[in-house]
$ cat input_33.cif   # mmCIF, C-alpha atoms and all ligand atoms
data_data
#
loop_
_atom_site.label_atom_id
_atom_site.label_comp_id
_atom_site.auth_asym_id
_atom_site.auth_seq_id
_atom_site.Cartn_x
_atom_site.Cartn_y
_atom_site.Cartn_z
CA MET A 171 0.00 0.00 0.00
CA ASP A 172 1.29 3.47 -0.72
CA ARG A 173 0.29 7.03 -0.02
CA ASP A 174 -0.87 7.59 -3.59
CA ALA A 175 -3.39 4.78 -3.40
CA ALA A 176 -7.00 6.00 -3.34
CA ILE A 177 -9.75 6.10 -0.74
CA GLY A 178 -12.76 4.19 -2.04
CA ILE A 179 -16.16 5.44 -0.92
CA PHE A 180 -19.45 3.75 -1.73
CA ASP A 181 -23.10 4.33 -1.07
CA SER A 182 -26.41 2.97 -2.31
CA GLY A 183 -26.61 5.98 -4.62
CA ILE A 184 -26.46 9.69 -4.18
CA GLY A 185 -26.68 10.22 -0.39
CA GLY A 186 -23.07 9.22 0.25
CA LEU A 187 -22.09 12.48 -1.43
CA THR A 188 -22.76 14.14 1.96
CA VAL A 189 -20.01 11.91 3.36
CA LEU A 190 -17.79 12.57 0.35
CA HIS A 191 -18.24 16.30 0.96
CA ALA A 192 -16.91 15.90 4.50
CA VAL A 193 -14.03 13.67 3.34
CA LEU A 194 -13.07 16.23 0.68
CA SER A 195 -12.93 18.97 3.31
CA ALA A 196 -10.91 16.87 5.76
CA LEU A 197 -8.59 15.26 3.21
CA PRO A 198 -8.15 17.60 0.22
CA ASN A 199 -4.87 15.97 -0.88
CA GLU A 200 -6.31 12.51 -1.40
CA HIS A 201 -7.41 10.62 -4.48
CA LEU A 202 -11.05 9.64 -3.94
CA ILE A 203 -13.12 7.15 -5.91
CA TYR A 204 -16.87 7.24 -5.29
CA LEU A 205 -19.25 4.49 -6.35
CA GLY A 206 -23.00 5.14 -6.16
CA ASP A 207 -25.07 2.00 -6.67
CA THR A 208 -27.81 4.03 -8.34
CA GLY A 209 -29.05 1.05 -10.34
CA ARG A 210 -30.11 -0.72 -7.15
CA THR A 211 -30.93 2.16 -4.80
CA PRO A 212 -32.53 2.38 -2.28
CA TYR A 213 -30.89 -0.05 0.13
CA GLY A 214 -32.88 1.12 3.12
CA THR A 215 -36.01 -0.84 2.20
CA LYS A 216 -34.16 -4.08 1.39
CA SER A 217 -33.24 -7.11 3.49
CA ALA A 218 -29.88 -7.39 5.25
CA GLU A 219 -28.97 -10.31 3.00
CA THR A 220 -29.55 -8.33 -0.20
CA ILE A 221 -27.80 -5.20 1.09
CA THR A 222 -24.79 -7.29 2.15
CA ARG A 223 -24.55 -8.87 -1.31
CA TYR A 224 -24.70 -5.43 -2.97
CA ALA A 225 -22.16 -4.00 -0.51
CA VAL A 226 -19.68 -6.82 -1.19
CA GLU A 227 -19.98 -6.20 -4.93
CA SER A 228 -19.44 -2.47 -4.49
CA ALA A 229 -16.42 -3.08 -2.28
CA ASP A 230 -14.95 -5.51 -4.83
CA PHE A 231 -15.31 -2.92 -7.58
CA LEU A 232 -13.43 -0.32 -5.53
CA VAL A 233 -10.76 -2.57 -4.09
CA GLU A 234 -9.70 -3.51 -7.63
CA ARG A 235 -8.73 0.15 -8.07
CA HIS A 236 -5.75 0.20 -5.73
CA LEU A 237 -7.14 1.44 -2.42
CA LYS A 238 -5.57 2.23 0.92
CA LEU A 239 -8.89 2.72 2.72
CA LEU A 240 -12.54 1.86 2.12
CA VAL A 241 -15.32 4.08 3.49
CA ILE A 242 -18.88 2.77 3.60
CA ALA A 243 -20.74 6.06 3.18
CA CYS A 244 -24.14 4.46 3.67
CA ASN A 245 -25.82 3.85 7.00
CA SER A 246 -27.92 0.95 5.71
CA ALA A 247 -24.84 -0.82 4.28
CA THR A 248 -22.73 -0.09 7.37
CA SER A 249 -25.47 -1.33 9.68
CA THR A 250 -25.89 -4.61 7.87
CA ALA A 251 -22.57 -5.38 6.16
CA LEU A 252 -19.68 -3.80 8.09
CA ASP A 253 -18.42 -7.02 9.67
CA THR A 254 -18.75 -8.95 6.41
CA LEU A 255 -16.79 -6.28 4.53
CA ARG A 256 -14.07 -6.09 7.18
CA ALA A 257 -13.57 -9.84 6.81
CA HIS A 258 -13.83 -9.69 3.02
CA VAL A 259 -11.38 -6.96 1.94
CA ARG A 260 -7.71 -6.47 2.77
CA VAL A 261 -7.81 -2.72 3.30
CA PRO A 262 -9.10 -1.00 6.47
CA VAL A 263 -12.84 -0.35 6.39
CA ILE A 264 -14.56 2.62 8.05
CA GLY A 265 -18.33 2.80 8.30
CA VAL A 266 -20.55 5.66 9.37
CA VAL A 267 -22.04 4.07 12.50
CA GLU A 268 -19.06 3.95 14.89
CA PRO A 269 -17.98 7.58 14.23
CA GLY A 270 -21.56 8.81 14.66
CA VAL A 271 -21.88 6.88 17.90
CA ARG A 272 -18.66 8.38 19.27
CA ALA A 273 -19.92 11.88 18.53
CA ALA A 274 -23.26 11.13 20.21
CA ILE A 275 -21.53 9.80 23.32
CA ARG A 276 -19.53 13.02 23.53
CA ALA A 277 -22.65 15.13 23.05
CA THR A 278 -25.16 13.56 25.44
CA ARG A 279 -25.49 14.87 28.98
CA THR A 280 -28.64 12.98 29.97
CA GLY A 281 -27.77 9.59 28.47
CA ARG A 282 -30.95 9.63 26.37
CA VAL A 283 -30.02 9.34 22.71
CA GLY A 284 -32.25 9.12 19.63
CA VAL A 285 -31.42 7.57 16.28
CA ILE A 286 -33.28 8.01 13.00
CA GLY A 287 -32.53 6.12 9.79
CA THR A 288 -33.92 3.84 7.12
CA GLU A 289 -35.91 0.71 7.91
CA ALA A 290 -32.79 -1.40 7.30
CA THR A 291 -30.62 0.70 9.61
CA ILE A 292 -33.12 0.87 12.45
CA GLY A 293 -34.19 -2.76 11.98
CA SER A 294 -30.58 -3.96 12.22
CA GLY A 295 -30.20 -2.51 15.73
CA ALA A 296 -26.60 -1.58 14.82
CA TYR A 297 -26.71 1.91 16.34
CA THR A 298 -28.33 0.69 19.56
CA ARG A 299 -25.72 -2.07 19.93
CA ALA A 300 -22.84 0.31 19.21
CA LEU A 301 -24.15 2.95 21.64
CA ARG A 302 -24.70 0.40 24.42
CA ALA A 303 -21.28 -1.14 23.80
CA GLU A 304 -19.79 2.27 24.64
CA ASN A 305 -22.11 2.90 27.58
CA PRO A 306 -24.58 0.19 28.68
CA LYS A 307 -26.56 2.72 30.69
CA LEU A 308 -27.60 4.79 27.69
CA GLU A 309 -31.30 4.89 26.87
CA VAL A 310 -31.71 4.65 23.11
CA PHE A 311 -34.84 5.68 21.20
CA THR A 312 -35.07 4.84 17.49
CA ARG A 313 -37.38 5.66 14.61
CA ALA A 314 -37.29 4.64 10.96
CA CYS A 315 -38.16 7.59 8.69
CA PRO A 316 -38.25 6.07 5.18
CA LEU A 317 -40.10 8.94 3.46
CA LEU A 318 -37.30 11.39 4.23
CA VAL A 319 -35.04 9.78 1.60
CA PRO A 320 -37.26 10.54 -1.45
CA LEU A 321 -38.13 13.97 0.01
CA ALA A 322 -34.43 14.90 0.19
CA GLU A 323 -33.82 13.65 -3.36
CA GLU A 324 -36.82 15.63 -4.60
CA GLY A 325 -35.44 18.75 -2.93
CA TRP A 326 -38.50 19.00 -0.67
CA THR A 327 -36.52 19.83 2.45
CA ASP A 328 -38.82 22.53 3.78
CA GLY A 329 -42.46 23.42 3.19
CA ALA A 330 -45.64 21.71 4.28
CA VAL A 331 -44.98 18.19 3.01
CA ALA A 332 -41.51 17.88 4.53
CA ARG A 333 -42.65 19.49 7.77
CA GLY A 334 -45.61 17.12 8.06
CA ALA A 335 -43.38 14.08 7.51
CA VAL A 336 -40.68 15.25 9.93
CA GLU A 337 -43.19 16.21 12.64
CA THR A 338 -45.01 12.90 12.31
CA TYR A 339 -41.85 10.78 12.40
CA LEU A 340 -40.23 12.70 15.23
CA ALA A 341 -43.26 13.18 17.49
CA SER A 342 -42.46 10.26 19.80
CA LEU A 343 -38.74 11.15 19.89
CA ALA A 344 -39.57 14.76 20.76
CA ARG A 345 -41.60 13.48 23.74
CA SER A 346 -38.94 10.99 24.87
CA GLY A 347 -36.65 13.53 26.50
CA ILE A 348 -33.59 12.79 24.35
CA ASP A 349 -30.87 15.44 24.30
CA THR A 350 -28.98 14.02 21.29
CA LEU A 351 -30.27 12.77 17.94
CA ILE A 352 -28.12 10.84 15.46
CA LEU A 353 -29.00 11.57 11.83
CA GLY A 354 -28.39 7.95 10.82
CA CYS A 355 -28.98 8.32 7.11
CA THR A 356 -26.97 10.00 4.39
CA HIS A 357 -29.96 12.06 3.25
CA TYR A 358 -30.94 13.63 6.56
CA PRO A 359 -28.30 16.41 6.65
CA LEU A 360 -30.34 18.06 3.87
CA LEU A 361 -33.31 18.19 6.24
CA ARG A 362 -31.21 19.28 9.19
CA PRO A 363 -32.67 22.80 9.62
CA LEU A 364 -36.20 21.39 9.70
CA ILE A 365 -35.26 18.53 12.04
CA ALA A 366 -33.50 21.01 14.33
CA GLU A 367 -36.57 23.22 14.40
CA VAL A 368 -38.92 20.34 15.16
CA MET A 369 -36.67 18.87 17.90
CA GLY A 370 -35.90 22.25 19.46
CA PRO A 371 -32.66 23.80 20.74
CA ALA A 372 -32.22 21.36 23.66
CA VAL A 373 -31.44 18.50 21.25
CA THR A 374 -27.98 18.22 19.66
CA LEU A 375 -28.03 16.78 16.15
CA VAL A 376 -25.15 14.47 15.24
CA ASP A 377 -24.20 14.18 11.58
CA SER A 378 -22.00 11.12 11.17
CA ALA A 379 -20.51 12.38 7.87
CA GLU A 380 -18.10 14.79 9.58
CA GLU A 381 -17.12 12.24 12.21
CA THR A 382 -16.52 9.63 9.53
CA ALA A 383 -14.21 11.98 7.65
CA ARG A 384 -12.29 12.61 10.88
CA ALA A 385 -12.03 8.86 11.46
CA ALA A 386 -10.70 8.37 7.91
CA ALA A 387 -8.09 11.10 8.44
CA ALA A 388 -7.04 9.60 11.79
CA ARG A 389 -6.70 6.15 10.26
CA LEU A 390 -4.48 7.40 7.43
CA ASP A 391 -2.30 9.29 9.91
CA ALA A 392 -2.00 6.24 12.15
CA ASP A 393 -0.99 4.10 9.16
CA GLY A 394 1.41 6.75 7.81
CA LEU A 395 -0.56 6.75 4.57
CA ALA A 396 -1.86 10.34 4.30
CA ARG A 397 -0.81 12.17 1.14
CA PRO A 398 1.25 15.11 2.37
CA ALA A 399 0.54 17.36 -0.60
CA GLY A 400 -2.11 17.80 -3.28
CA PRO A 401 -3.67 18.09 -5.60
CA GLY A 402 -6.07 15.29 -4.89
CA SER A 403 -8.70 14.05 -7.32
CA THR A 404 -12.23 12.68 -7.26
CA SER A 405 -13.80 10.27 -9.72
CA PHE A 406 -17.40 9.13 -9.75
CA PHE A 407 -18.87 5.81 -10.84
CA VAL A 408 -22.56 4.86 -10.88
CA THR A 409 -24.47 1.70 -11.76
CA ASP A 410 -27.24 3.41 -13.73
CA ALA A 411 -27.38 6.25 -16.25
CA PRO A 412 -25.38 9.14 -14.73
CA GLU A 413 -27.71 12.04 -15.67
CA ARG A 414 -29.86 12.03 -12.53
CA PHE A 415 -26.82 11.52 -10.28
CA VAL A 416 -25.05 14.48 -11.88
CA ARG A 417 -28.17 16.66 -11.76
CA ILE A 418 -29.16 15.97 -8.14
CA GLY A 419 -25.66 15.37 -6.84
CA GLN A 420 -24.88 19.04 -6.41
CA ARG A 421 -27.39 19.38 -3.54
CA PHE A 422 -25.74 16.52 -1.65
CA LEU A 423 -22.12 17.33 -2.46
CA GLY A 424 -22.36 21.10 -2.19
CA ALA A 425 -20.46 21.37 -5.47
CA ARG A 426 -21.02 20.40 -9.06
CA VAL A 427 -20.57 16.74 -9.95
CA GLU A 428 -18.81 17.25 -13.28
CA SER A 429 -19.35 13.76 -14.65
CA ALA A 430 -19.85 10.16 -13.63
CA VAL A 431 -19.01 6.95 -15.42
CA ARG A 432 -21.57 4.19 -15.66
CA VAL A 433 -20.38 0.70 -14.74
CA GLU A 434 -22.27 -2.54 -15.22
CA ARG A 435 -23.08 -4.53 -12.08
N1 LIG A 501 -27.71 5.80 1.82
C1 LIG A 501 -28.81 5.24 2.57
C2 LIG A 501 -28.49 5.29 4.07
O1 LIG A 501 -27.70 6.08 4.53
C3 LIG A 501 -30.11 5.97 2.29
C4 LIG A 501 -30.68 5.69 0.93
C5 LIG A 501 -31.08 4.25 0.72
O2 LIG A 501 -32.03 3.77 1.37
O3 LIG A 501 -30.42 3.60 -0.08
O4 LIG A 501 -29.03 4.51 4.80
#

$ encode --input "input_33.cif" --output "structure tokens"
Amino acid sequence: MDRDAAIGIFDSGIGGLTVLHAVLSALPNEHLIYLGDTGRTPYGTKSAETITRYAVESADFLVERHLKLLVIACNSATSTALDTLRAHVRVPVIGVVEPGVRAAIRATRTGRVGVIGTEATIGSGAYTRALRAENPKLEVFTRACPLLVPLAEEGWTDGAVARGAVETYLASLARSGIDTLILGCTHYPLLRPLIAEVMGPAVTLVDSAEETARAAAARLDADGLARPAGPGSTSFFVTDAPERFVRIGQRFLGARVESAVRVER
């Protein structure tokens, strides 16, 4: 492995661009390869077995491209396939759950933590297990919010429809007395202002994207594999026609996605 090897980042589709954005800010000198499995998105409504199979295929595609680190930029894939991928590939693997959990542990004062995510993420229990492994006394409150993924992709992140969905999903969490809420889905940072408003100022929102980027930087430093100087580069691959990814990607990445290459899976 050498410093010029790339960091591979994959997601079920477009949402992982929020993680890529954080990685780009934290590690501007690195070569990044992003794979969005747009042909098979969403993962969040699928079974653990299917998500794991897709995740292994995505990892294989990236690992063939000379990696030094693999980042699973998808909560559903991390929740269901992290252990399988760690056993399957030879490079270090960082998911979004552990970094998000660490940030939540730092943030909570009351020990009452909420987690929102897709059906697959919440159903897996991965966040609850990871939180309790750090502190068995934590009280964890979870809620699957599947409609928030298409709303974010549609750009409906404020207004009556988004507000109705967010208020309905978060009603029980808002009553539960949590002081920290993990945004356990790549799409939720786009709805962050609305979620913050609905939960109120007493609740700290944790976005695992930034923590994941920090974890990636720390891992490269520990391994002596960080690129000391730029410029870095980013290339995009998708498993369906790139047009929608390129068009919508800007909202998730915070910058233009210049182009993406379609690969067959
Ligand atoms: N990327 C997924 C996640 O973070 C959300 C979209 C999907 O369901 O595929 O869980």

$ residues_near_ligand --input "input_33.cif" --ligand "ligand LIG 501 (chain A)" --cutoff "7 Å" --atoms "all atoms listed in the file" --output "compact mmCIF listing (two decimals) with C-alpha atoms, in the coordinates of the input"
# COMPACT_ATOMS: atom_id res chain seq x y z
CA ASP A 181 -23.10 4.33 -1.07
CA SER A 182 -26.41 2.97 -2.31
CA GLY A 183 -26.61 5.98 -4.62
CA GLY A 185 -26.68 10.22 -0.39
CA GLY A 186 -23.07 9.22 0.25
CA THR A 211 -30.93 2.16 -4.80
CA PRO A 212 -32.53 2.38 -2.28
CA TYR A 213 -30.89 -0.05 0.13
CA GLY A 214 -32.88 1.12 3.12
CA THR A 215 -36.01 -0.84 2.20
CA CYS A 244 -24.14 4.46 3.67
CA ASN A 245 -25.82 3.85 7.00
CA SER A 246 -27.92 0.95 5.71
CA ALA A 247 -24.84 -0.82 4.28
CA GLY A 287 -32.53 6.12 9.79
CA THR A 288 -33.92 3.84 7.12
CA THR A 291 -30.62 0.70 9.61
CA VAL A 319 -35.04 9.78 1.60
CA GLY A 354 -28.39 7.95 10.82
CA CYS A 355 -28.98 8.32 7.11
CA THR A 356 -26.97 10.00 4.39
CA HIS A 357 -29.96 12.06 3.25

$ closest_residue --input "input_33.cif" --among "A:Pro198, A:Glu380, A:Leu364, A:Ile184" --to "Glu324 (chain A)" --atoms "all atoms listed in the file"
A:Ile184

$ atom_distance --input "input_33.cif" --atom1 "CA of Met171 (chain A)" --atom2 "CA of Leu255 (chain A)"
18.5 Å

$ atom_distance --input "input_33.cif" --atom1 "CA of Leu301 (chain A)" --atom2 "CA of Tyr224 (chain A)"
26.0 Å

$ closest_residue --input "input_33.cif" --among "A:Pro269, A:Glu234, A:Ser346, A:Leu240" --to "Gly281 (chain A)" --atoms "all atoms listed in the file"
A:Ser346

$ residues_around --input "input_33.cif" --residues "Phe406 (chain A)" --least-positions-apart "3" --cutoff "8 Å" --atoms "all atoms listed in the file" --output "PyMOL selection string"
chain A and resi 203-206+429-431

$ closest_residue --input "input_33.cif" --among "A:Glu323, A:Glu200, A:Glu304, A:Glu309" --to "Gln420 (chain A)" --atoms "only C-alpha atoms"
A:Glu323

$ atom_distance --input "input_33.cif" --atom1 "CA of Gly284 (chain A)" --atom2 "CA of Leu343 (chain A)"
6.8 Å

$ residues_around --input "input_33.cif" --residues "Phe311 (chain A)" --least-positions-apart "5" --cutoff "10 Å" --atoms "only C-alpha atoms" --output "PyMOL selection string"
chain A and resi 282-286+298+342-343+346-348+351

$ write_last_selection --input "input_33.cif" --atoms "C-alpha atoms" --output "JSON list (two decimals), keeping the file's coordinate frame"
[["chain", "number", "residue", "atom", "x", "y", "z"],
["A", 282, "ARG", "CA", -30.95, 9.63, 26.37],
["A", 283, "VAL", "CA", -30.02, 9.34, 22.71],
["A", 284, "GLY", "CA", -32.25, 9.12, 19.63],
["A", 285, "VAL", "CA", -31.42, 7.57, 16.28],
["A", 286, "ILE", "CA", -33.28, 8.01, 13.00],
["A", 298, "THR", "CA", -28.33, 0.69, 19.56],
["A", 342, "SER", "CA", -42.46, 10.26, 19.80],
["A", 343, "LEU", "CA", -38.74, 11.15, 19.89],
["A", 346, "SER", "CA", -38.94, 10.99, 24.87],
["A", 347, "GLY", "CA", -36.65, 13.53, 26.50],
["A", 348, "ILE", "CA", -33.59, 12.79, 24.35],
["A", 351, "LEU", "CA", -30.27, 12.77, 17.94]]

$ residues_around --input "input_33.cif" --residues "region 395-405 of chain A" --least-positions-apart "3" --cutoff "10 Å" --atoms "all atoms listed in the file" --output "short mmCIF file (atom, residue, chain, number, x, y, z; two decimals) with C-alpha atoms, keeping the file's coordinate frame"
data_model
loop_
_atom_site.label_atom_id
_atom_site.label_comp_id
_atom_site.auth_asym_id
_atom_site.auth_seq_id
_atom_site.Cartn_x
_atom_site.Cartn_y
_atom_site.Cartn_z
CA MET A 171 0.00 0.00 0.00
CA ASP A 172 1.29 3.47 -0.72
CA ARG A 173 0.29 7.03 -0.02
CA ASP A 174 -0.87 7.59 -3.59
CA ALA A 175 -3.39 4.78 -3.40
CA ALA A 176 -7.00 6.00 -3.34
CA ILE A 177 -9.75 6.10 -0.74
CA GLY A 178 -12.76 4.19 -2.04
CA LEU A 190 -17.79 12.57 0.35
CA LEU A 194 -13.07 16.23 0.68
CA LEU A 197 -8.59 15.26 3.21
CA PRO A 198 -8.15 17.60 0.22
CA ASN A 199 -4.87 15.97 -0.88
CA GLU A 200 -6.31 12.51 -1.40
CA HIS A 201 -7.41 10.62 -4.48
CA LEU A 202 -11.05 9.64 -3.94
CA ILE A 203 -13.12 7.15 -5.91
CA TYR A 204 -16.87 7.24 -5.29
CA LEU A 205 -19.25 4.49 -6.35
CA LYS A 238 -5.57 2.23 0.92
CA LEU A 239 -8.89 2.72 2.72
CA ALA A 386 -10.70 8.37 7.91
CA ALA A 387 -8.09 11.10 8.44
CA ALA A 388 -7.04 9.60 11.79
CA ARG A 389 -6.70 6.15 10.26
CA LEU A 390 -4.48 7.40 7.43
CA ASP A 391 -2.30 9.29 9.91
CA ALA A 392 -2.00 6.24 12.15
CA VAL A 427 -20.57 16.74 -9.95
CA GLU A 428 -18.81 17.25 -13.28
CA SER A 429 -19.35 13.76 -14.65
CA ALA A 430 -19.85 10.16 -13.63
CA VAL A 431 -19.01 6.95 -15.42
#

$ closest_residue --input "input_33.cif" --among "A:Ile365, A:Val331, A:Val271, A:Leu375" --to "Ala303 (chain A)" --atoms "only C-alpha atoms"
A:Val271

$ residues_around --input "input_33.cif" --residues "Ala330 (chain A)" --least-positions-apart "5" --cutoff "12 Å" --atoms "all atoms listed in the file" --output "tab-separated table (two decimals) with C-alpha atoms, in the coordinates of the input"
chain	number	residue	atom	x	y	z
A	321	LEU	CA	-38.13	13.97	0.01
A	335	ALA	CA	-43.38	14.08	7.51
A	336	VAL	CA	-40.68	15.25	9.93
A	337	GLU	CA	-43.19	16.21	12.64
A	338	THR	CA	-45.01	12.90	12.31
A	364	LEU	CA	-36.20	21.39	9.70

$ closest_residue --input "input_33.cif" --among "A:Thr278, A:Val416, A:Ser249, A:Val259" --to "Thr222 (chain A)" --atoms "all atoms listed in the file"
A:Ser249

$ build_atoms --input "input_33.cif" --residues "region 209-218 of chain A" --atoms "all heavy atoms" --output "JSON list (two decimals), keeping the file's coordinate frame"
[["chain", "number", "residue", "atom", "x", "y", "z"],
["A", 209, "GLY", "N", -28.20, 2.02, -9.64],
["A", 209, "GLY", "CA", -29.05, 1.05, -10.34],
["A", 209, "GLY", "C", -29.86, 0.21, -9.35],
["A", 209, "GLY", "O", -30.86, -0.40, -9.75],
["A", 210, "ARG", "N", -29.43, 0.15, -8.09],
["A", 210, "ARG", "CA", -30.11, -0.72, -7.15],
["A", 210, "ARG", "C", -30.59, 0.02, -5.90],
["A", 210, "ARG", "O", -31.05, -0.59, -4.94],
["A", 210, "ARG", "CB", -29.18, -1.87, -6.76],
["A", 210, "ARG", "CG", -28.72, -2.62, -8.01],
["A", 210, "ARG", "CD", -28.03, -3.89, -7.71],
["A", 210, "ARG", "NE", -26.74, -3.70, -7.11],
["A", 210, "ARG", "CZ", -25.79, -4.65, -7.09],
["A", 210, "ARG", "NH1", -26.03, -5.82, -7.64],
["A", 210, "ARG", "NH2", -24.64, -4.43, -6.52],
["A", 211, "THR", "N", -30.46, 1.36, -5.93],
["A", 211, "THR", "CA", -30.93, 2.16, -4.80],
["A", 211, "THR", "C", -32.46, 2.11, -4.74],
["A", 211, "THR", "O", -33.08, 1.94, -5.79],
["A", 211, "THR", "CB", -30.43, 3.62, -4.98],
["A", 211, "THR", "OG1", -30.43, 4.26, -3.73],
["A", 211, "THR", "CG2", -31.25, 4.42, -5.97],
["A", 212, "PRO", "N", -33.11, 2.18, -3.60],
["A", 212, "PRO", "CA", -32.53, 2.38, -2.28],
["A", 212, "PRO", "C", -32.15, 1.05, -1.62],
["A", 212, "PRO", "O", -32.69, 0.00, -1.96],
["A", 212, "PRO", "CB", -33.68, 3.02, -1.51],
["A", 212, "PRO", "CG", -34.92, 2.40, -2.11],
["A", 212, "PRO", "CD", -34.59, 2.20, -3.57],
["A", 213, "TYR", "N", -31.23, 1.12, -0.68],
["A", 213, "TYR", "CA", -30.89, -0.05, 0.13],
["A", 213, "TYR", "C", -31.78, -0.13, 1.37],
["A", 213, "TYR", "O", -32.01, -1.19, 1.91],
["A", 213, "TYR", "CB", -29.43, 0.04, 0.62],
["A", 213, "TYR", "CG", -28.35, -0.28, -0.39],
["A", 213, "TYR", "CD1", -28.63, -0.48, -1.74],
["A", 213, "TYR", "CD2", -27.02, -0.38, 0.04],
["A", 213, "TYR", "CE1", -27.60, -0.76, -2.63],
["A", 213, "TYR", "CE2", -26.00, -0.67, -0.84],
["A", 213, "TYR", "CZ", -26.28, -0.86, -2.18],
["A", 213, "TYR", "OH", -25.27, -1.14, -3.05],
["A", 214, "GLY", "N", -32.24, 1.02, 1.81],
["A", 214, "GLY", "CA", -32.88, 1.12, 3.12],
["A", 214, "GLY", "C", -34.17, 0.34, 3.27],
["A", 214, "GLY", "O", -34.63, 0.09, 4.38],
["A", 215, "THR", "N", -34.77, -0.07, 2.15],
["A", 215, "THR", "CA", -36.01, -0.84, 2.20],
["A", 215, "THR", "C", -35.74, -2.33, 1.96],
["A", 215, "THR", "O", -36.68, -3.12, 1.90],
["A", 215, "THR", "CB", -36.99, -0.34, 1.13],
["A", 215, "THR", "OG1", -36.29, -0.34, -0.14],
["A", 215, "THR", "CG2", -37.48, 1.06, 1.41],
["A", 216, "LYS", "N", -34.47, -2.69, 1.78],
["A", 216, "LYS", "CA", -34.16, -4.08, 1.39],
["A", 216, "LYS", "C", -33.70, -4.90, 2.60],
["A", 216, "LYS", "O", -33.40, -4.38, 3.66],
["A", 216, "LYS", "CB", -33.12, -4.08, 0.28],
["A", 216, "LYS", "CG", -33.63, -3.38, -0.98],
["A", 216, "LYS", "CD", -32.79, -3.63, -2.19],
["A", 216, "LYS", "CE", -33.51, -3.14, -3.45],
["A", 216, "LYS", "NZ", -33.65, -1.68, -3.54],
["A", 217, "SER", "N", -33.64, -6.21, 2.39],
["A", 217, "SER", "CA", -33.24, -7.11, 3.49],
["A", 217, "SER", "C", -31.73, -7.02, 3.72],
["A", 217, "SER", "O", -30.96, -6.64, 2.83],
["A", 217, "SER", "CB", -33.59, -8.55, 3.14],
["A", 217, "SER", "OG", -32.76, -8.98, 2.07],
["A", 218, "ALA", "N", -31.31, -7.41, 4.91],
["A", 218, "ALA", "CA", -29.88, -7.39, 5.25],
["A", 218, "ALA", "C", -29.09, -8.27, 4.28],
["A", 218, "ALA", "O", -27.98, -7.91, 3.87],
["A", 218, "ALA", "CB", -29.70, -7.88, 6.68]]
